[in-house]
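Take a look at the structure set out below.
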Protein chains: 2
Amino acid sequence: MARRSTVDRRSEILSEAAKLFHAKGYGAASMRDLAGKVGMEAASMYNHIRSKDELLEVLCFEVGDGYLNRLNEISASDLSYVEKLRAIIRTHIRMMIDNGPAVNVANHDWKHLPPAALKRFIEARKRYEKGVAQLLEEGMAAGELRRMDTTVALFTLLSSVRWVEPWYKPGRAIAPEVLEETITTLLLNGLRNPA
Amino acid sequence: MARRSTVDRRSEILSEAAKLFHAKGYGAASMRDLAGKVGMEAASMYNHIRSKDELLEVLCFEVGDGYLNRLNEISASDLSYVEKLRAIIRTHIRMMIDNGPAVNVANHDWKHLPPAALKRFIEARKRYEKGVAQLLEEGMAAGELRRMDTTVALFTLLSSVRWVEPWYKPGRAIAPEVLEETITTLLLNGLRNPA
DNA sequence: CCTGCAGACTAACAATCGTTAGTTTTGTTC
DNA sequence: GAACAAAACTAACGATTGTTAGTCTGCAGG
């Protein structure tokens, strides 16, 4: 019988940590809780991880780097600005659906990162925001997007795709494609009926 | 010299608790931290409050009830549906600006409410969501709003006004009126340039 | 001036936290 | 089966948690 490999155990801990941190919050989630979910004693986990902080750090940067990489791909593509925005919205929704707990931990518990990691994380997020803001500005300059305050548009856009994870469950009768289409329509064309 | 009244001390504790819970998260905020901000020993606070849980509970329902009351006023008014939505957006922005820490605690730390309060809070939030969803549906039926999935529109709308508090600081050079106008324009008319 | 009480204090409680040390179990390799 | 290492365990550490008990202080009303 093959022994469960170290890397399996480690990623199992990480994935359970994401779920637990999301459910109870980083501060309220205990290592003993987490160990229980993974099926071992708390002390045993330290054969696979360095610390509780490390778990949070790995989860946050895994998510953050994912977003940044996708943004770079999208920015460098030759899509129209409207289509680039669509791609960004799609990225957020897909990340939430595929990777919900980790995304939520990165969104809600990054404050508890140790100081050095916290600084890096804030910088990474700022880079992401700058990148999306640039797309918005260029899209306005190109006449594809309505002229409005870039910062307000940026945060409204980023915020409006954050609700998916807490609400979206596989059981709900709405396909990811419909979700994407509806949110995109709302953000691009607005709630108001043009008729 | 008038002694600081009990009610003052209590509301001072509540207001500092809102700031501290927001800054560190409910779980990570300790009563000794809080006592330091208020300027007394941790034990002394128990002359004014019942428990840490009570602080969270008061903050969450203060905010929740505020939103529900405003929604009821708006629903009962004879505004158009577009104007009702505008009023809801304005309410969210004003609450964030005037009452930021408490609003953020209610949004982020309600999970840590004790079971009975948690149940009540979830029910209240569901009532609020139902109320806004009804406005959206009626607005669509009346032809004022674009036809789309109500649930998706609901959560996108509610989520898109949540970013204000973490970002909005008095120092930032943007007036609440501009903020309201930009967000409203975006949500009602969309990002895309109609030209 | 005396009495009473609200409201602050000190000290301590039991529980729980993340983590470490040291030991034992378990599976793989010769 | 002997030897080795990975990974589990038990036990405990020091710190911190929310909270309680008991005491002291200082202002208000008579």
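By convention here, the chains of the structure tokens are called A, B, ... in the order presented, each chain's residues are numbered starting at 1, and ligands are numbered starting at 1 in the order presented.
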
Would you kindly return, as a PyMOL selection string, each protein, DNA or RNA residue with an atom no farther than 8 Å from any atom of range 13-17 of chain D, considering only C-alpha atoms (C1' of nucleotides) and excluding same-chain residues fewer than 3 positions away? (chain B and resi 30) or (chain C and resi 15-17+20)

Could you write out, as a VMD selection string, all the residues of chain B that DSSP marks as helix (DSSP H, G or I)? chain B and resid 6 to 24 31 to 38 42 to 47 52 to 76 81 to 108 110 to 112 115 to 141 150 to 160 164 to 167 176 to 189

Quick check: residues of chain A within 8 Å of chain D, only C-alpha atoms (C1' of nucleotides), returned as a PDB file with C-alpha atoms, in the first residue's frame.
ATOM      1  CA  MET A  40      -4.399  14.039  12.347  1.00  0.00           C
ATOM      2  CA  GLU A  41      -3.178  15.735  15.498  1.00  0.00           C
ATOM      3  CA  SER A  44       1.615  16.375  13.215  1.00  0.00           C
ATOM      4  CA  ASN A  47       5.827  17.887   9.572  1.00  0.00           C
TER       5      ASN A  47
END

Would you kindly return, as number ranges by chain, each protein, DNA or RNA residue with an atom no farther than 8 Å from any atom of range 92-99 of chain B, considering only C-alpha atoms (C1' of nucleotides) and excluding same-chain residues fewer than 3 positions away? B: 67, 88-89, 102-104, 161-162, 164-165, 168, 176, 180

Up to 6 Å from chain B, what residues of chain A turn up? Count only C-alpha atoms and give them as a list in words.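 The contacting residues on chain A are Gly27, Ala28, Glu144, Leu145, Arg146, Thr156, Ser159, Ser160, Trp163, Leu187, Leu188, Asn189, Gly190, Leu191, Arg192 and Asn193 of chain A.
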
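The residue that comes closest to Glu73 in chain A, out of A:Gly131, A:Lys37, A:Ile49, A:Ile13 and on the basis of only C-alpha atoms, is A:Gly131.
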
Given only C-alpha atoms (C1' of nucleotides), how would the per-residue table for chain C near chain B read, listing every residue at most 8 Å away with its closest atom pair and distance in Å to one decimal, sorted by chain and number, as a tab-separated table?
residue	atom	partner	partner_atom	distance
C:DG7	C1'	B:Asn47	CA	6.9
C:DA8	C1'	B:Ser44	CA	6.3
C:DC9	C1'	B:Ser44	CA	7.7
